[in-house]
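Listing of input25.txt; format and content: compact mmCIF, C-alpha atoms.
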# COMPACT_ATOMS: atom_id res chain seq x y z
CA MET A 167 -50.29 -74.45 37.77
CA GLU A 168 -48.69 -71.11 36.94
CA GLU A 169 -50.24 -68.05 38.57
CA GLU A 170 -51.33 -66.47 35.28
CA SER A 171 -53.43 -69.48 34.36
CA ILE A 172 -54.94 -69.59 37.86
CA ALA A 173 -55.79 -65.89 37.55
CA TYR A 174 -57.49 -66.67 34.23
CA TRP A 175 -59.49 -69.47 35.84
CA LEU A 176 -60.61 -67.23 38.72
CA CYS A 177 -61.45 -64.17 36.60
CA THR A 178 -63.51 -66.15 34.10
CA ARG A 179 -65.68 -68.02 36.62
CA PRO A 180 -69.37 -67.04 36.25
CA GLY A 181 -70.51 -64.91 39.17
CA ILE A 182 -66.97 -64.00 40.27
CA GLY A 183 -66.40 -60.30 39.70
CA ILE A 184 -63.40 -58.26 40.71
CA LYS A 185 -64.73 -57.56 44.22
CA LYS A 186 -65.35 -61.22 45.00
CA ALA A 187 -62.01 -62.21 43.51
CA ARG A 188 -60.23 -59.66 45.72
CA LEU A 189 -62.16 -60.89 48.73
CA LEU A 190 -61.07 -64.46 48.05
CA LEU A 191 -57.44 -63.39 47.80
CA GLU A 192 -57.73 -61.38 51.01
CA LYS A 193 -59.24 -64.28 52.94
CA LEU A 194 -57.13 -67.11 51.52
CA GLY A 195 -53.84 -65.29 50.85
CA SER A 196 -52.88 -66.15 47.27
CA LEU A 197 -54.15 -67.32 43.90
CA SER A 198 -52.72 -70.80 44.51
CA ALA A 199 -54.48 -70.98 47.88
CA VAL A 200 -57.81 -70.09 46.26
CA TYR A 201 -57.30 -72.73 43.57
CA GLU A 202 -56.36 -75.44 46.06
CA ALA A 203 -58.96 -74.55 48.72
CA GLU A 204 -61.43 -77.15 49.99
CA PRO A 205 -65.17 -76.42 49.63
CA SER A 206 -65.45 -75.92 53.38
CA GLN A 207 -62.99 -73.01 53.24
CA PHE A 208 -65.39 -71.02 51.07
CA LEU A 209 -68.41 -71.45 53.32
CA HIS A 210 -67.49 -68.72 55.79
CA ILE A 211 -66.46 -66.10 53.20
CA PRO A 212 -69.19 -63.43 53.10
CA GLY A 213 -70.92 -62.75 49.80
CA LEU A 214 -70.23 -66.13 48.23
CA SER A 215 -73.40 -67.86 47.09
CA GLN A 216 -73.71 -71.62 46.76
CA ALA A 217 -73.60 -71.16 42.98
CA CYS A 218 -70.26 -69.32 43.24
CA ILE A 219 -68.81 -72.03 45.47
CA ARG A 220 -69.91 -74.72 43.02
CA GLU A 221 -68.10 -72.84 40.23
CA LEU A 222 -64.94 -72.54 42.32
CA VAL A 223 -64.74 -76.27 43.06
CA SER A 224 -66.04 -77.53 39.72
CA GLU A 225 -63.59 -79.86 37.97
CA ALA A 226 -65.39 -79.31 34.66
CA GLY A 227 -64.92 -75.56 35.07
CA ARG A 228 -61.22 -76.01 35.70
CA GLU A 229 -60.81 -78.20 32.65
CA THR A 230 -62.65 -75.66 30.52
CA ALA A 231 -60.49 -72.82 31.83
CA GLN A 232 -57.33 -74.82 31.12
CA ARG A 233 -58.40 -75.52 27.53
CA GLU A 234 -59.20 -71.85 27.01
CA TRP A 235 -55.86 -70.85 28.51
CA GLU A 236 -53.98 -73.16 26.16
CA GLU A 237 -55.96 -71.72 23.24
CA LEU A 238 -54.86 -68.20 24.23
CA ARG A 239 -51.23 -69.35 24.21
CA LYS A 240 -51.72 -71.04 20.84
CA ARG A 241 -53.17 -67.86 19.32
CA LYS A 242 -50.43 -65.74 20.93
CA ILE A 243 -52.94 -63.60 22.80
CA GLY A 244 -51.60 -61.96 25.93
CA TYR A 245 -53.59 -62.16 29.14
CA PHE A 246 -53.16 -59.74 32.04
CA SER A 247 -55.25 -60.00 35.20
CA CYS A 248 -55.56 -57.15 37.69
CA PHE A 249 -53.73 -59.41 40.18
CA GLY A 250 -50.62 -59.73 38.00
CA LYS A 251 -47.47 -57.60 38.10
CA ASP A 252 -47.66 -56.75 34.38
CA TYR A 253 -51.19 -55.33 34.56
CA PRO A 254 -51.11 -51.59 33.60
CA GLU A 255 -50.65 -49.47 36.73
CA ARG A 256 -52.73 -46.71 35.14
CA LEU A 257 -55.74 -49.03 35.24
CA ARG A 258 -55.11 -50.69 38.58
CA TRP A 259 -56.45 -47.77 40.61
CA LEU A 260 -59.55 -46.97 38.59
CA TYR A 261 -62.86 -46.98 40.44
CA GLN A 262 -63.98 -49.88 38.24
CA PRO A 263 -60.82 -51.40 36.75
CA PRO A 264 -61.20 -54.18 34.19
CA LYS A 265 -60.49 -57.45 35.99
CA HIS A 266 -58.40 -58.55 33.04
CA LEU A 267 -57.19 -57.56 29.57
CA TYR A 268 -56.70 -59.64 26.45
CA VAL A 269 -54.00 -58.25 24.18
CA LYS A 270 -52.87 -58.85 20.61
CA GLY A 271 -49.53 -57.11 20.25
CA LYS A 272 -48.26 -55.20 23.26
CA LEU A 273 -49.51 -53.14 26.18
CA PRO A 274 -48.75 -49.40 26.30
CA GLU A 275 -45.44 -48.59 27.94
CA ALA A 276 -45.87 -47.18 31.44
CA SER A 277 -42.83 -44.91 31.02
CA ARG A 278 -44.21 -43.09 27.97
CA ARG A 279 -46.75 -40.31 27.72
CA ALA A 280 -50.03 -41.43 26.19
CA VAL A 281 -52.84 -39.36 24.70
CA GLY A 282 -56.26 -40.75 23.85
CA ILE A 283 -57.85 -39.27 20.74
CA VAL A 284 -61.62 -39.64 20.37
CA GLY A 285 -64.41 -38.03 18.39
CA ALA A 286 -67.30 -38.40 16.00
CA ARG A 287 -67.76 -41.46 13.80
CA ASP A 288 -69.41 -39.34 11.10
CA CYS A 289 -66.61 -36.77 11.16
CA THR A 290 -66.08 -34.01 8.62
CA SER A 291 -63.00 -33.76 6.41
CA TYR A 292 -61.72 -31.13 8.86
CA GLY A 293 -62.11 -33.51 11.80
CA ARG A 294 -60.46 -36.30 9.81
CA ASP A 295 -57.46 -34.11 9.00
CA MET A 296 -57.11 -32.88 12.59
CA ALA A 297 -57.26 -36.40 14.05
CA ARG A 298 -54.67 -37.59 11.57
CA LEU A 299 -52.46 -34.53 12.08
CA PHE A 300 -52.47 -34.75 15.89
CA GLY A 301 -52.02 -38.53 15.81
CA CYS A 302 -49.05 -38.24 13.46
CA ARG A 303 -47.15 -35.43 15.14
CA LEU A 304 -47.73 -36.63 18.69
CA ALA A 305 -46.64 -40.15 17.77
CA ARG A 306 -43.58 -38.83 15.95
CA ALA A 307 -42.59 -37.08 19.19
CA GLY A 308 -42.83 -40.37 21.11
CA VAL A 309 -46.35 -40.02 22.54
CA GLU A 310 -48.41 -43.21 22.41
CA ILE A 311 -51.85 -42.79 20.83
CA ILE A 312 -54.83 -44.56 22.41
CA SER A 313 -58.22 -44.80 20.72
CA GLY A 314 -61.07 -47.18 19.93
CA MET A 315 -60.56 -48.05 16.22
CA ALA A 316 -64.11 -46.89 15.43
CA LYS A 317 -65.01 -45.25 12.14
CA GLY A 318 -64.20 -41.58 11.85
CA ILE A 319 -61.93 -39.79 14.31
CA ASP A 320 -60.70 -42.93 16.10
CA GLY A 321 -59.56 -44.62 12.92
CA TRP A 322 -57.86 -41.53 11.54
CA ALA A 323 -56.03 -40.93 14.83
CA HIS A 324 -54.61 -44.48 14.64
CA GLN A 325 -53.74 -43.95 10.99
CA GLY A 326 -51.90 -40.72 11.75
CA ALA A 327 -49.91 -42.40 14.53
CA LEU A 328 -48.84 -45.17 12.16
CA GLU A 329 -47.78 -42.62 9.56
CA GLY A 330 -45.81 -40.80 12.25
CA GLY A 331 -43.81 -43.93 12.92
CA GLY A 332 -45.08 -44.21 16.51
CA ARG A 333 -47.08 -46.63 18.60
CA THR A 334 -50.84 -46.75 18.83
CA TYR A 335 -53.27 -48.92 20.81
CA ALA A 336 -56.91 -49.74 20.12
CA VAL A 337 -59.31 -50.56 22.95
CA LEU A 338 -62.21 -52.52 21.49
CA GLY A 339 -65.86 -52.87 22.43
CA CYS A 340 -65.64 -56.53 21.38
CA GLY A 341 -63.14 -59.37 21.65
CA VAL A 342 -59.60 -58.93 20.31
CA GLU A 343 -60.17 -61.61 17.67
CA VAL A 344 -63.01 -59.55 16.17
CA CYS A 345 -62.15 -56.73 13.76
CA TYR A 346 -64.82 -54.10 14.28
CA PRO A 347 -65.65 -52.36 12.04
CA ALA A 348 -64.80 -55.00 9.44
CA GLU A 349 -63.53 -52.42 6.92
CA HIS A 350 -60.66 -51.56 9.28
CA ARG A 351 -59.01 -54.94 8.73
CA ARG A 352 -55.71 -53.52 7.49
CA LEU A 353 -55.66 -50.94 10.26
CA TYR A 354 -56.40 -53.69 12.80
CA GLU A 355 -53.43 -55.70 11.55
CA SER A 356 -51.10 -52.69 11.42
CA ILE A 357 -51.92 -51.66 14.98
CA GLN A 358 -50.93 -55.12 16.25
CA LYS A 359 -47.49 -54.69 14.66
CA ASN A 360 -47.02 -51.13 15.93
CA GLY A 361 -48.75 -51.21 19.31
CA GLY A 362 -51.59 -53.42 20.43
CA ILE A 363 -55.26 -54.41 20.33
CA LEU A 364 -56.81 -54.54 23.82
CA SER A 365 -60.14 -55.66 25.28
CA GLU A 366 -61.64 -56.79 28.56
CA PHE A 367 -64.19 -58.97 26.74
CA PRO A 368 -63.78 -62.66 25.75
CA ILE A 369 -61.65 -62.93 22.63
CA GLU A 370 -64.45 -63.80 20.18
CA MET A 371 -67.20 -61.67 21.74
CA LYS A 372 -69.13 -59.68 19.13
CA ALA A 373 -69.54 -55.93 19.50
CA LYS A 374 -72.55 -54.71 21.49
CA ALA A 375 -73.77 -51.17 22.05
CA ALA A 376 -73.44 -51.53 25.83
CA PHE A 377 -69.75 -52.45 25.53
CA PHE A 378 -68.60 -49.14 24.05
CA PRO A 379 -69.24 -46.91 27.10
CA MET A 380 -67.45 -49.59 29.16
CA ARG A 381 -64.35 -49.53 26.97
CA ASN A 382 -64.21 -45.70 27.12
CA ARG A 383 -63.01 -45.78 30.74
CA ILE A 384 -60.07 -47.93 29.61
CA ILE A 385 -59.14 -45.50 26.83
CA SER A 386 -59.04 -42.62 29.32
CA GLY A 387 -57.48 -44.80 32.02
CA LEU A 388 -54.50 -45.69 29.82
CA SER A 389 -53.99 -42.06 28.78
CA ASP A 390 -52.39 -39.07 30.48
CA GLY A 391 -54.84 -36.87 28.62
CA ILE A 392 -57.75 -37.11 26.20
CA LEU A 393 -58.07 -35.07 23.00
CA VAL A 394 -61.61 -34.63 21.67
CA VAL A 395 -61.92 -33.88 17.94
CA GLU A 396 -65.52 -33.17 16.89
CA ALA A 397 -68.30 -34.35 19.18
CA ARG A 398 -72.06 -33.99 19.15
CA GLU A 399 -73.97 -32.70 22.16
CA ARG A 400 -74.45 -36.31 23.27
CA SER A 401 -71.77 -38.73 22.21
CA GLY A 402 -69.46 -41.47 23.36
CA SER A 403 -66.57 -39.01 23.13
CA LEU A 404 -68.10 -36.96 25.93
CA ILE A 405 -68.46 -40.13 28.01
CA THR A 406 -64.72 -40.68 27.54
CA ALA A 407 -64.01 -37.05 28.47
CA ASP A 408 -66.16 -37.37 31.60
CA ALA A 409 -64.32 -40.56 32.56
CA ALA A 410 -61.01 -38.76 32.08
CA LEU A 411 -62.09 -35.92 34.35
CA GLU A 412 -63.23 -38.39 37.03
CA GLN A 413 -59.82 -40.07 36.79
CA GLY A 414 -58.00 -36.73 37.13
CA LYS A 415 -56.73 -36.74 33.54
CA ASP A 416 -56.24 -33.75 31.24
CA VAL A 417 -58.89 -33.03 28.63
CA PHE A 418 -57.87 -31.22 25.43
CA VAL A 419 -60.29 -30.09 22.74
CA VAL A 420 -59.91 -29.00 19.13
CA PRO A 421 -62.27 -25.97 18.99
CA GLY A 422 -65.18 -26.24 16.58
CA ARG A 423 -67.13 -23.81 14.48
CA ILE A 424 -70.06 -22.18 16.26
CA GLY A 425 -73.36 -23.64 15.05
CA ASP A 426 -71.82 -26.82 13.65
CA VAL A 427 -73.61 -29.87 15.09
CA LEU A 428 -70.27 -31.71 15.47
CA SER A 429 -68.82 -28.80 17.43
CA VAL A 430 -71.47 -28.54 20.14
CA GLY A 431 -69.86 -31.13 22.41
CA CYS A 432 -66.34 -29.73 21.92
CA ASN A 433 -67.34 -26.14 22.64
CA ARG A 434 -69.30 -27.24 25.69
CA LEU A 435 -66.19 -28.97 27.06
CA ILE A 436 -64.21 -25.76 26.58
CA ARG A 437 -66.84 -23.79 28.50
CA GLN A 438 -66.51 -26.36 31.29
CA GLY A 439 -62.76 -25.85 31.53
CA ALA A 440 -61.20 -28.21 28.99
CA ILE A 441 -57.98 -27.02 27.34
CA PRO A 442 -58.44 -25.76 23.76
CA VAL A 443 -55.56 -26.68 21.43
CA THR A 444 -54.94 -25.58 17.87
CA ALA A 445 -51.76 -27.56 17.14
CA PRO A 446 -50.13 -30.79 18.35
CA GLU A 447 -47.15 -28.78 19.59
CA GLU A 448 -49.37 -27.22 22.26
CA ILE A 449 -49.95 -30.65 23.83
CA LEU A 450 -46.24 -31.48 23.57
CA GLU A 451 -45.40 -28.18 25.26
CA TYR A 452 -47.99 -28.83 27.99
CA TYR A 453 -46.27 -32.11 28.86
CA GLY A 454 -42.77 -30.71 28.44
CA ILE A 455 -41.93 -33.00 25.54
CA ASP A 456 -39.10 -32.01 23.21
CA MET A 457 -40.66 -31.06 19.88
CA VAL A 458 -37.57 -32.36 18.07
CA PRO A 459 -36.82 -35.57 20.02
CA ASP A 460 -33.76 -37.78 19.49
CA ARG A 461 -35.96 -40.41 17.91
CA LYS A 462 -37.26 -37.99 15.24
CA ARG A 463 -38.00 -39.86 12.07
CA GLU A 464 -36.77 -38.60 8.71
CA TYR A 465 -39.06 -39.65 5.90
CA SER A 466 -37.61 -41.18 2.76
CA ASP A 467 -39.32 -42.20 -0.48
CA ASN A 468 -39.57 -45.73 0.92
CA ASP A 469 -41.22 -44.47 4.12
CA MET A 470 -43.77 -42.58 2.07
CA ASN A 471 -44.67 -45.72 0.16
CA ILE A 472 -45.03 -47.67 3.41
CA CYS A 473 -47.34 -44.97 4.75
CA SER A 474 -49.28 -45.09 1.51
CA GLU A 475 -49.67 -48.86 1.75
CA GLU A 476 -51.01 -48.48 5.31
CA ALA A 477 -53.49 -45.86 4.09
CA SER A 478 -54.68 -47.50 0.87
CA SER A 479 -57.64 -49.39 2.34
CA PHE A 480 -58.53 -46.31 4.36
CA MET A 481 -59.14 -44.36 1.15
CA GLU A 482 -61.74 -46.83 -0.10
CA GLY A 483 -65.25 -45.49 -0.08
CA MET A 484 -64.22 -41.83 -0.17
CA GLY A 485 -65.33 -39.47 -2.94
CA THR A 486 -63.37 -37.94 -5.81
CA VAL A 487 -59.69 -38.35 -6.59
CA GLU A 488 -59.15 -34.78 -5.37
CA GLU A 489 -60.70 -35.58 -1.96
CA LYS A 490 -58.51 -38.64 -1.63
CA ILE A 491 -55.39 -36.64 -2.54
CA LEU A 492 -56.22 -34.09 0.14
CA ALA A 493 -56.69 -36.86 2.71
CA CYS A 494 -53.31 -38.41 1.83
CA ALA A 495 -51.50 -35.07 1.90
CA ALA A 496 -53.14 -33.67 5.04
CA VAL A 497 -50.36 -34.53 7.49
CA MET A 498 -47.07 -34.65 5.59
CA PRO A 499 -45.68 -34.25 2.07
CA ILE A 500 -46.28 -37.27 -0.13
CA HIS A 501 -44.74 -38.12 -3.49
CA ILE A 502 -46.96 -38.27 -6.56
CA ASP A 503 -45.93 -41.89 -7.21
CA ALA A 504 -46.98 -42.82 -3.66
CA LEU A 505 -50.30 -41.07 -4.28
CA ALA A 506 -50.89 -43.13 -7.42
CA ALA A 507 -50.04 -46.35 -5.59
CA THR A 508 -52.28 -45.49 -2.62
CA LEU A 509 -55.28 -44.40 -4.67
CA LYS A 510 -54.81 -47.19 -7.23
CA VAL A 511 -55.22 -44.81 -10.16
CA SER A 512 -52.88 -43.80 -12.96
CA ARG A 513 -50.14 -41.24 -12.45
CA THR A 514 -51.80 -39.11 -15.12
CA ASP A 515 -55.11 -38.98 -13.21
CA VAL A 516 -53.28 -38.09 -10.01
CA MET A 517 -51.38 -35.30 -11.77
CA LYS A 518 -54.63 -33.89 -13.15
CA GLY A 519 -56.12 -33.85 -9.65
CA VAL A 520 -52.97 -32.28 -8.20
CA LEU A 521 -52.99 -29.50 -10.80
CA ARG A 522 -56.65 -28.71 -10.10
CA LEU A 523 -56.00 -28.56 -6.36
CA LYS A 524 -52.96 -26.33 -6.86
CA LYS A 525 -55.07 -23.90 -8.90
CA GLU A 526 -57.61 -23.84 -6.06
CA ASN A 527 -54.78 -23.13 -3.56
CA LYS A 528 -55.58 -26.33 -1.65
CA LEU A 529 -52.30 -28.10 -2.39
CA ARG A 530 -48.66 -26.97 -2.59
CA GLU A 531 -45.48 -28.58 -3.85
CA THR A 532 -42.96 -28.76 -1.00
CA ALA A 533 -40.17 -30.38 -3.04
CA ARG A 534 -39.93 -31.82 -6.52
CA GLY A 535 -42.79 -34.32 -6.83
CA TYR A 536 -43.91 -33.94 -3.18
CA PHE A 537 -47.24 -32.34 -2.28
CA MET A 538 -48.98 -31.29 0.92
CA CYS A 539 -52.17 -29.47 1.89
CA TYR A 540 -52.00 -25.79 2.81

Go through the file and emit its structure as structure tokens.
Amino acid sequence: MEEESIAYWLCTRPGIGIKKARLLLEKLGSLSAVYEAEPSQFLHIPGLSQACIRELVSEAGRETAQREWEELRKRKIGYFSCFGKDYPERLRWLYQPPKHLYVKGKLPEASRRAVGIVGARDCTSYGRDMARLFGCRLARAGVEIISGMAKGIDGWAHQGALEGGGRTYAVLGCGVEVCYPAEHRRLYESIQKNGGILSEFPIEMKAKAAFFPMRNRIISGLSDGILVVEARERSGSLITADAALEQGKDVFVVPGRIGDVLSVGCNRLIRQGAIPVTAPEEILEYYGIDMVPDRKREYSDNDMNICSEEASSFMEGMGTVEEKILACAAVMPIHIDALAATLKVSRTDVMKGVLRLKKENKLRETARGYFMCY
């Protein structure tokens, strides 16, 4: 058997965690040696119960693991164990590294800078615009964006990265074959084409509350730094920030308004020494990244329509046409025809909304037919 499939068999055996798996490799020398070992060879390894030994020598267990492995290959789902050479180095040295990752798409590139963007699910329009802005401009500069594909800040950070023409990766609190939340289906599919969907949980495992704090350590582990955009006094975003600090990563914060419930967590992080940032360029400067890289993307009418298509499902459920226009135009100029296509309303209705927003000094025309928020 190939080593990857043996690693899958070992890592999916009930009762065999990462510590026991490492112990087996230490005592027996290799994955192949563990797989081929006689029952008697396990008896003198400390910490192995009779139940664990039965799992290791079970023919039924091996057949099940082989069927599951073939199913992964059939579904084109990548599998990376912590014993393999392609496992992310950034995760390998965590205090509690995931023993394996399932991946739809690709893994983040080790040679590129990566920033995790996290924040409130029930974000404000300001938080939404900041997540999208930072995601877009960082991605356009070649930074990979890591987040959790949750509602609110996570989703908008991914969306911004896609609009910036960069790569983004979602770490899920469920299996990679489960789109959670369900309304992010188009985003889920787009991320696979422009990055990857990652999880340490079995591929069809449903989301559970206990899984989300676990996945946060992977978000921070894959990132050079974490950016927090809007966070309550107690939130999963702060768990991610704490994990980043424990891992020696940078923590950036978009400052919040004093007294705002979604700013309490952000302002507390700043008091504790996190780095306040007011523009994506400040993070790029911190990491010494050229703000006008060779791979800079010039946006054409066609690009704008692609971005609009990516964003169309994201607009569903929002309020008035004016609010949706502001969301579409928050990061970069967008043509009025692309707005109509994205919002699925007539060009006339879009023009009426644009004119109202221009009168309120919320929208400006950057070129003929192109509009962007102030």

Spatial sel., origin (-57.2, -41.4, 30.9), limit 12 Å, only C-alpha atoms, listed as an mmCIF file with C-alpha atoms, in the coordinates of the input:
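Produced file out-v5.cif, reproduced below:
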data_model
loop_
_atom_site.group_PDB
_atom_site.id
_atom_site.type_symbol
_atom_site.label_atom_id
_atom_site.label_comp_id
_atom_site.auth_asym_id
_atom_site.auth_seq_id
_atom_site.Cartn_x
_atom_site.Cartn_y
_atom_site.Cartn_z
ATOM 1 C CA GLU A 255 -50.650 -49.470 36.730
ATOM 2 C CA ARG A 256 -52.730 -46.710 35.140
ATOM 3 C CA LEU A 257 -55.740 -49.030 35.240
ATOM 4 C CA TRP A 259 -56.450 -47.770 40.610
ATOM 5 C CA LEU A 260 -59.550 -46.970 38.590
ATOM 6 C CA ARG A 279 -46.750 -40.310 27.720
ATOM 7 C CA ALA A 280 -50.030 -41.430 26.190
ATOM 8 C CA VAL A 281 -52.840 -39.360 24.700
ATOM 9 C CA GLY A 282 -56.260 -40.750 23.850
ATOM 10 C CA ILE A 283 -57.850 -39.270 20.740
ATOM 11 C CA VAL A 284 -61.620 -39.640 20.370
ATOM 12 C CA ILE A 311 -51.850 -42.790 20.830
ATOM 13 C CA ILE A 312 -54.830 -44.560 22.410
ATOM 14 C CA SER A 313 -58.220 -44.800 20.720
ATOM 15 C CA ARG A 381 -64.350 -49.530 26.970
ATOM 16 C CA ASN A 382 -64.210 -45.700 27.120
ATOM 17 C CA ARG A 383 -63.010 -45.780 30.740
ATOM 18 C CA ILE A 384 -60.070 -47.930 29.610
ATOM 19 C CA ILE A 385 -59.140 -45.500 26.830
ATOM 20 C CA SER A 386 -59.040 -42.620 29.320
ATOM 21 C CA GLY A 387 -57.480 -44.800 32.020
ATOM 22 C CA LEU A 388 -54.500 -45.690 29.820
ATOM 23 C CA SER A 389 -53.990 -42.060 28.780
ATOM 24 C CA ASP A 390 -52.390 -39.070 30.480
ATOM 25 C CA GLY A 391 -54.840 -36.870 28.620
ATOM 26 C CA ILE A 392 -57.750 -37.110 26.200
ATOM 27 C CA LEU A 393 -58.070 -35.070 23.000
ATOM 28 C CA ILE A 405 -68.460 -40.130 28.010
ATOM 29 C CA THR A 406 -64.720 -40.680 27.540
ATOM 30 C CA ALA A 407 -64.010 -37.050 28.470
ATOM 31 C CA ASP A 408 -66.160 -37.370 31.600
ATOM 32 C CA ALA A 409 -64.320 -40.560 32.560
ATOM 33 C CA ALA A 410 -61.010 -38.760 32.080
ATOM 34 C CA LEU A 411 -62.090 -35.920 34.350
ATOM 35 C CA GLU A 412 -63.230 -38.390 37.030
ATOM 36 C CA GLN A 413 -59.820 -40.070 36.790
ATOM 37 C CA GLY A 414 -58.000 -36.730 37.130
ATOM 38 C CA LYS A 415 -56.730 -36.740 33.540
ATOM 39 C CA ASP A 416 -56.240 -33.750 31.240
ATOM 40 C CA VAL A 417 -58.890 -33.030 28.630
ATOM 41 C CA PHE A 418 -57.870 -31.220 25.430
#

Next item on the list: Mind giving me the straight-line distance from atom CA of A:Arg287 to atom CA of A:Lys317 in Å, one decimal?
Entry: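 About the pair atom CA of A:Arg287 and atom CA of A:Lys317: they are 5.0 Å apart.
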
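Among A:Met315, A:Ala226, A:Ala504, A:Val309, the residue with the shortest atom-to-atom distance to A:Arg352, counting all atoms listed in the file, is A:Met315.
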
Note to self: So that I can check the surroundings of A:Gln325, please list as a ChimeraX atom specification every protein, DNA and RNA residue that reaches within 8 Å of it, counting all atoms listed in the file and ignoring chain neighbours fewer than 2 positions away.
What the structure shows: /A:298,301-302,321-323,327-329,353,476-477

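Each of A:Phe300, A:Trp235, A:Tyr335, A:Tyr261 was compared to A:Glu275 using all atoms listed in the file, and A:Tyr335 turns out to be the nearest.
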
Margin query: So the first atom is atom CA of A:Leu299 and the second is atom CA of A:Gly285; what is the distance between them in Å, to one decimal place?
Written below: 14.0 Å
